[in-house]
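S.K.: upload17.csv is the file, holding CSV, C-alpha atoms and all ligand atoms:
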chain,number,residue,atom,x,y,z
W,1012,MET,CA,156.5,224.0,230.9
W,1013,ALA,CA,156.0,225.2,234.5
W,1014,SER,CA,154.7,228.8,234.2
W,1015,LYS,CA,157.1,230.1,236.8
W,1016,GLU,CA,160.3,228.7,235.4
W,1017,GLY,CA,163.0,231.1,234.4
W,1018,ILE,CA,164.0,231.5,230.8
W,1019,LEU,CA,167.2,229.9,229.5
W,1020,ILE,CA,169.0,232.2,227.1
W,1021,VAL,CA,171.8,230.8,224.9
W,1022,LEU,CA,174.3,233.1,223.3
W,1023,SER,CA,176.3,231.3,220.7
W,1024,GLY,CA,178.1,231.9,217.4
W,1025,PRO,CA,181.7,231.6,216.1
W,1026,SER,CA,184.7,232.4,218.1
W,1027,GLY,CA,185.5,236.1,217.6
W,1028,ALA,CA,181.9,237.2,217.0
W,1029,GLY,CA,182.0,239.0,220.4
W,1030,LYS,CA,179.6,236.8,222.4
W,1031,GLY,CA,181.8,237.1,225.5
W,1032,THR,CA,181.9,240.9,225.4
W,1033,ILE,CA,178.2,241.1,224.8
W,1034,CYS,CA,177.5,238.7,227.6
W,1035,LYS,CA,179.6,240.7,230.1
W,1036,SER,CA,177.8,244.0,229.2
W,1037,LEU,CA,174.4,242.3,229.4
W,1038,LEU,CA,175.1,241.0,232.9
W,1039,LYS,CA,175.8,244.5,234.1
W,1040,GLU,CA,172.4,245.7,232.8
W,1041,ILE,CA,169.9,242.9,233.5
W,1042,ASP,CA,169.1,240.5,236.3
W,1043,ILE,CA,170.1,237.1,234.9
W,1044,GLN,CA,172.3,234.3,236.2
W,1045,TYR,CA,175.4,233.5,234.2
W,1046,SER,CA,176.2,229.8,234.1
W,1047,ILE,CA,179.9,229.3,234.5
W,1048,SER,CA,181.1,226.6,232.2
W,1049,ALA,CA,183.6,223.8,232.9
W,1050,THR,CA,186.6,223.3,230.6
W,1051,THR,CA,189.8,221.2,230.3
W,1052,ARG,CA,191.7,224.1,228.7
W,1053,LYS,CA,194.4,225.7,230.7
W,1054,PRO,CA,193.6,229.1,232.3
W,1055,ARG,CA,194.8,232.2,230.5
W,1056,PRO,CA,196.7,234.8,232.4
W,1057,GLY,CA,194.2,236.6,234.7
W,1058,GLU,CA,191.6,233.9,234.5
W,1059,VAL,CA,190.4,232.5,237.9
W,1060,ASP,CA,189.0,229.1,238.6
W,1061,GLY,CA,185.3,229.4,239.4
W,1062,ARG,CA,185.0,232.9,237.8
W,1063,GLU,CA,185.7,232.6,234.1
W,1064,TYR,CA,185.5,228.8,234.1
W,1065,PHE,CA,185.7,225.8,236.3
W,1066,PHE,CA,189.1,224.4,235.1
W,1067,LEU,CA,188.9,220.6,235.3
W,1068,THR,CA,191.3,217.8,234.4
W,1069,LYS,CA,190.3,215.6,231.5
W,1070,GLU,CA,189.5,212.8,233.9
W,1071,LYS,CA,187.3,214.9,236.1
W,1072,PHE,CA,185.5,216.2,233.0
W,1073,GLU,CA,184.9,212.7,231.7
W,1074,ASN,CA,183.6,211.6,235.0
W,1075,MET,CA,181.1,214.4,234.9
W,1076,ILE,CA,180.0,213.3,231.4
W,1077,GLU,CA,179.5,209.7,232.7
W,1078,GLU,CA,177.4,211.0,235.6
W,1079,ASN,CA,175.2,213.1,233.3
W,1080,GLY,CA,176.5,216.2,235.0
W,1081,PHE,CA,176.3,218.4,231.9
W,1082,LEU,CA,173.3,220.0,230.2
W,1083,GLU,CA,175.5,220.0,227.1
W,1084,TRP,CA,179.2,219.5,226.5
W,1085,ALA,CA,181.3,219.6,223.4
W,1086,ARG,CA,184.9,219.2,222.2
W,1087,VAL,CA,185.9,222.7,221.0
W,1088,TYR,CA,189.4,223.2,219.6
W,1089,ASP,CA,190.9,220.1,221.3
W,1090,ASN,CA,189.4,220.8,224.7
W,1091,TYR,CA,186.2,219.9,226.4
W,1092,TYR,CA,183.7,222.6,227.4
W,1093,GLY,CA,180.4,222.0,229.2
W,1094,THR,CA,177.5,223.5,231.0
W,1095,PRO,CA,177.1,222.0,234.5
W,1096,ARG,CA,173.5,220.8,234.6
W,1097,LYS,CA,172.6,221.3,238.3
W,1098,PHE,CA,173.3,225.0,238.4
W,1099,VAL,CA,171.1,225.7,235.3
W,1100,GLU,CA,168.2,223.5,236.5
W,1101,GLU,CA,168.2,224.9,240.0
W,1102,THR,CA,168.3,228.5,238.7
W,1103,LEU,CA,165.4,228.0,236.3
W,1104,SER,CA,163.3,226.1,238.8
W,1105,ALA,CA,163.8,229.0,241.3
W,1106,GLY,CA,162.2,231.2,238.6
W,1107,LYS,CA,165.4,233.0,237.7
W,1108,ASP,CA,166.6,233.5,234.1
W,1109,CYS,CA,169.9,231.9,233.2
W,1110,ILE,CA,172.3,232.7,230.4
W,1111,LEU,CA,174.9,230.4,228.7
W,1112,GLU,CA,177.7,231.6,226.4
W,1113,ILE,CA,178.7,228.5,224.4
W,1114,ASP,CA,179.8,227.3,221.0
W,1115,PRO,CA,177.3,226.3,218.2
W,1116,GLN,CA,177.7,222.5,218.9
W,1117,GLY,CA,176.6,223.1,222.5
W,1118,ALA,CA,173.7,225.3,221.4
W,1119,GLN,CA,172.3,222.5,219.3
W,1120,LYS,CA,172.5,220.1,222.2
W,1121,VAL,CA,170.6,222.6,224.4
W,1122,ARG,CA,168.0,222.7,221.7
W,1123,GLU,CA,167.6,218.9,222.0
W,1124,ASN,CA,167.8,218.8,225.8
W,1125,LYS,CA,165.9,222.0,226.6
W,1126,PRO,CA,163.7,222.9,223.6
W,1127,ASP,CA,162.2,225.9,225.3
W,1128,GLY,CA,165.6,227.5,225.6
W,1129,VAL,CA,166.0,230.7,223.5
W,1130,LEU,CA,168.9,230.4,221.0
W,1131,ILE,CA,170.5,233.6,219.9
W,1132,PHE,CA,173.2,233.5,217.2
W,1133,ILE,CA,175.8,236.3,217.6
W,1134,ALA,CA,177.2,237.0,214.1
W,1135,PRO,CA,180.1,239.1,213.1
W,1136,PRO,CA,179.4,242.0,210.6
W,1137,SER,CA,181.6,240.1,208.0
W,1138,MET,CA,184.0,237.2,207.8
W,1139,GLN,CA,186.9,239.7,207.3
W,1140,GLU,CA,185.9,241.5,210.5
W,1141,LEU,CA,185.8,238.1,212.3
W,1142,GLU,CA,189.4,237.4,211.0
W,1143,ASN,CA,190.6,240.8,212.2
W,1144,ARG,CA,189.1,240.3,215.7
W,1145,ILE,CA,190.5,236.8,216.2
W,1146,THR,CA,193.9,237.9,214.9
W,1147,ASN,CA,194.1,241.1,216.9
W,1148,ARG,CA,192.9,239.9,220.3
W,1149,GLY,CA,196.2,238.1,220.8
W,1150,THR,CA,195.0,235.2,222.9
W,1151,GLU,CA,195.6,232.5,220.3
W,1152,ASP,CA,198.7,231.5,218.4
W,1153,ILE,CA,198.7,231.2,214.5
W,1154,SER,CA,197.7,227.6,214.3
W,1155,GLU,CA,194.9,228.2,216.8
W,1156,ILE,CA,193.7,231.2,214.8
W,1157,LYS,CA,193.6,229.2,211.6
W,1158,LYS,CA,191.6,226.4,213.3
W,1159,ARG,CA,189.1,228.9,214.7
W,1160,LEU,CA,188.6,230.6,211.3
W,1161,SER,CA,188.0,227.4,209.5
W,1162,CYS,CA,185.5,226.3,212.1
W,1163,ALA,CA,183.8,229.8,212.0
W,1164,ARG,CA,182.9,229.3,208.3
W,1165,GLU,CA,181.0,226.1,209.1
W,1166,GLU,CA,179.5,227.6,212.2
W,1167,MET,CA,178.0,230.5,210.3
W,1168,LEU,CA,175.8,228.0,208.5
W,1169,SER,CA,174.3,226.7,211.7
W,1170,MET,CA,172.7,230.1,212.2
W,1171,TYR,CA,169.5,228.8,210.6
W,1172,ASN,CA,168.8,226.5,213.5
W,1173,TYR,CA,168.6,229.4,216.0
W,1174,ASP,CA,165.6,231.5,217.1
W,1175,TYR,CA,167.3,234.9,216.6
W,1176,VAL,CA,170.4,236.4,215.0
W,1177,VAL,CA,172.1,239.5,216.3
W,1178,ILE,CA,174.8,241.1,214.2
W,1179,ASN,CA,177.5,242.4,216.4
W,1180,ASP,CA,178.7,245.6,214.7
W,1181,GLN,CA,178.4,247.6,217.9
W,1182,VAL,CA,178.3,246.0,221.3
W,1183,GLU,CA,175.8,248.5,222.8
W,1184,LYS,CA,173.4,248.0,220.0
W,1185,ALA,CA,173.7,244.2,220.2
W,1186,VAL,CA,173.0,244.3,223.9
W,1187,GLU,CA,169.9,246.4,223.3
W,1188,LYS,CA,168.6,243.9,220.8
W,1189,ILE,CA,169.2,241.0,223.2
W,1190,LYS,CA,167.4,242.8,226.0
W,1191,ALA,CA,164.4,243.3,223.6
W,1192,ILE,CA,164.5,239.6,222.7
W,1193,ILE,CA,164.3,238.6,226.3
W,1194,ILE,CA,161.4,241.0,227.0
W,1195,ALA,CA,159.5,239.7,223.9
W,1196,GLU,CA,160.2,236.1,225.1
W,1197,LYS,CA,158.7,236.9,228.5
W,1198,CYS,CA,155.6,238.2,226.8
W,1199,LYS,CA,154.9,235.0,224.9
W,1200,ILE,CA,151.6,233.4,225.9
W,1201,GLN,CA,153.2,230.1,226.7
W,1202,ARG,CA,155.7,231.8,229.1
W,1203,SER,CA,153.4,234.4,230.6
W,1204,LYS,CA,152.5,234.2,234.3
W,1205,ILE,CA,148.9,234.4,233.5
W,1206,ASP,CA,147.6,232.1,236.3
W,1207,ASN,CA,146.6,235.0,238.4
W,1208,LEU,CA,144.7,236.8,235.8
W,1209,CYS,CA,140.9,236.4,235.9
W,1210,LEU,CA,140.4,234.9,232.5
K,1301,LIG,P1,187.6,230.1,225.0
K,1301,LIG,O1,188.6,229.0,225.1
K,1301,LIG,O2,188.0,231.1,224.0
K,1301,LIG,O3,187.2,230.6,226.3
K,1301,LIG,O4,186.2,229.4,224.4
K,1301,LIG,C1,186.2,228.7,223.2
K,1301,LIG,C2,184.8,228.4,222.8
K,1301,LIG,O5,184.2,227.5,223.7
K,1301,LIG,C3,184.0,229.7,222.7
K,1301,LIG,O6,183.2,229.6,221.5
K,1301,LIG,C4,183.0,229.5,223.9
K,1301,LIG,O7,181.8,230.2,223.7
K,1301,LIG,C5,182.9,228.0,224.0
K,1301,LIG,N1,182.4,227.6,225.3
K,1301,LIG,C6,182.6,228.1,226.5
K,1301,LIG,N2,181.9,227.5,227.4
K,1301,LIG,C7,181.3,226.5,226.8
K,1301,LIG,C8,180.4,225.4,227.2
K,1301,LIG,O8,180.0,225.3,228.4
K,1301,LIG,N3,179.9,224.6,226.3
K,1301,LIG,C9,180.2,224.7,225.0
K,1301,LIG,N4,179.7,223.8,224.1
K,1301,LIG,N5,181.0,225.7,224.5
K,1301,LIG,C10,181.6,226.5,225.4
Would you mind writing the file out in structure tokens?
Ligand code: 5GP
M.R.:
Amino acid sequence: MASKEGILIVLSGPSGAGKGTICKSLLKEIDIQYSISATTRKPRPGEVDGREYFFLTKEKFENMIEENGFLEWARVYDNYYGTPRKFVEETLSAGKDCILEIDPQGAQKVRENKPDGVLIFIAPPSMQELENRITNRGTEDISEIKKRLSCAREEMLSMYNYDYVVINDQVEKAVEKIKAIIIAEKCKIQRSKIDNLCL
């Protein structure tokens, strides 16, 4: 790995664990580039193309898959979601850190394609709390809620493939833990910018 490359941080975990909220808070506190994902799902009220997501047609998304335009992509709840490769690669090569907020299938693909990425699993405090959060946020209908809950049970098991787990019982505490993880990762010998030290 080039010693001056930025760090790729992957926040993942089941829907409703709070990774979106944590990511937003983190972005206000530290200097890290957020990678805007592409999706074929329809924008929700208030969502803007190029801000929350790049909203693409299925055809455009499939063309990007063909052209190897994604670092990872996955079908999540009947829609495609993917991380545009170019942005992430350019950010990291410029020495800047980059953060992805993606589902567990995507996180595993990042592990295969970019093994030095840091995978952080955001877990809910309990399955009951996860159910409450998904039900109460009001962005999905009943069938969608059921789908997300049944996936969540399976996704919890994928936790063991990650580097870290952060239980999201309080957003501020979770953010502090992630900041600590990033600092620790930067201090790893393999990542340290030690070329200039007279060793
Ligand atoms: P939502 O539709 O609620 O915005 O997102 C649904 C799920 O897709 C969430 O778990 C979210 O983290 C995930 N997701 C968002 N962007 C990406 C991406 O680029 N790749 C993958 N694999 N999952 C994503």
S.K.: Can I get the residues close to ligand LIG 1301 (chain K) as a VMD selection string, where close means within 8 Å and we count all atoms listed in the file?
M.R.: chain W and resid 1023 to 1027 1030 to 1031 1047 to 1050 1052 1064 1083 to 1088 1091 to 1095 1111 to 1118
S.K.: Could you list, as a VMD selection string, every residue within 10 Å of Val1182 (chain W), counting only C-alpha atoms and ignoring same-chain residues fewer than 2 positions away?
M.R.: chain W and resid 1029 to 1030 1032 to 1034 1036 to 1037 1178 to 1180 1184 to 1188
S.K.: I need the chosen residues saved as a JSON list (two decimals), keeping the file's coordinate frame, with C-alpha atoms.
M.R.:
[["chain", "number", "residue", "atom", "x", "y", "z"],
["W", 1029, "GLY", "CA", 182.00, 239.00, 220.40],
["W", 1030, "LYS", "CA", 179.60, 236.80, 222.40],
["W", 1032, "THR", "CA", 181.90, 240.90, 225.40],
["W", 1033, "ILE", "CA", 178.20, 241.10, 224.80],
["W", 1034, "CYS", "CA", 177.50, 238.70, 227.60],
["W", 1036, "SER", "CA", 177.80, 244.00, 229.20],
["W", 1037, "LEU", "CA", 174.40, 242.30, 229.40],
["W", 1178, "ILE", "CA", 174.80, 241.10, 214.20],
["W", 1179, "ASN", "CA", 177.50, 242.40, 216.40],
["W", 1180, "ASP", "CA", 178.70, 245.60, 214.70],
["W", 1184, "LYS", "CA", 173.40, 248.00, 220.00],
["W", 1185, "ALA", "CA", 173.70, 244.20, 220.20],
["W", 1186, "VAL", "CA", 173.00, 244.30, 223.90],
["W", 1187, "GLU", "CA", 169.90, 246.40, 223.30],
["W", 1188, "LYS", "CA", 168.60, 243.90, 220.80]]
S.K.: Of the residues W:Arg1202, W:Lys1069, W:Arg1122, W:Lys1157, which is the one nearest to Ile1145 (chain W), using all atoms listed in the file?
M.R.: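 Among the listed residues, W:Lys1157 lies closest to Ile1145 (chain W).
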S.K.: For a cutoff of 9 Å around the file-coordinate point (172.6, 226.9, 238.1), which residues qualify once you count only C-alpha atoms? I'd like the result as an MDAnalysis selection string.
M.R.: chainID W and resid 1044:1047 1095:1103 1109
S.K.: Need to verify the contact set: Glu1196 (chain W), 12 Å, all atoms listed in the file, exclusion of same-chain residues closer than 6 positions in sequence. Can you return it as a list in words?
M.R.: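 Skipping anything fewer than 6 positions along the chain leaves Gly1017, Ile1018, Leu1019, Ile1020, Asp1108, Asp1127, Gly1128, Val1129, Leu1130, Ile1131, Asp1174, Tyr1175, Ile1189, Lys1190, Arg1202 and Ser1203 of chain W.
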S.K.: How many Å separate CA of Glu1016 (chain W) from CA of Ala1105 (chain W)?
M.R.: 6.9 Å
S.K.: To one decimal place, how far is CA of Ala1163 (chain W) from CA of Arg1055 (chain W) in Å?
M.R.: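 Distance between the two atoms: 21.7 Å.
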S.K.: Any idea what the distance is between CA of Pro1135 (chain W) and CA of Arg1062 (chain W)?
M.R.: 25.9 Å
S.K.: Using only C-alpha atoms, which residue out of W:Asn1079, W:Thr1051, W:Asn1172, W:Ser1104 lies closest to Lys1015 (chain W)?
M.R.: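 Using only C-alpha atoms, Lys1015 (chain W) sits closest to W:Ser1104.
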S.K.: Calculated over only C-alpha atoms, which of the candidates W:Leu1067, W:Leu1160, W:Ile1153, W:Ile1041 has the smallest distance to Gln1139 (chain W)?
M.R.: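 Of W:Leu1067, W:Leu1160, W:Ile1153, W:Ile1041, the one nearest Gln1139 (chain W) is W:Leu1160, counting only C-alpha atoms.
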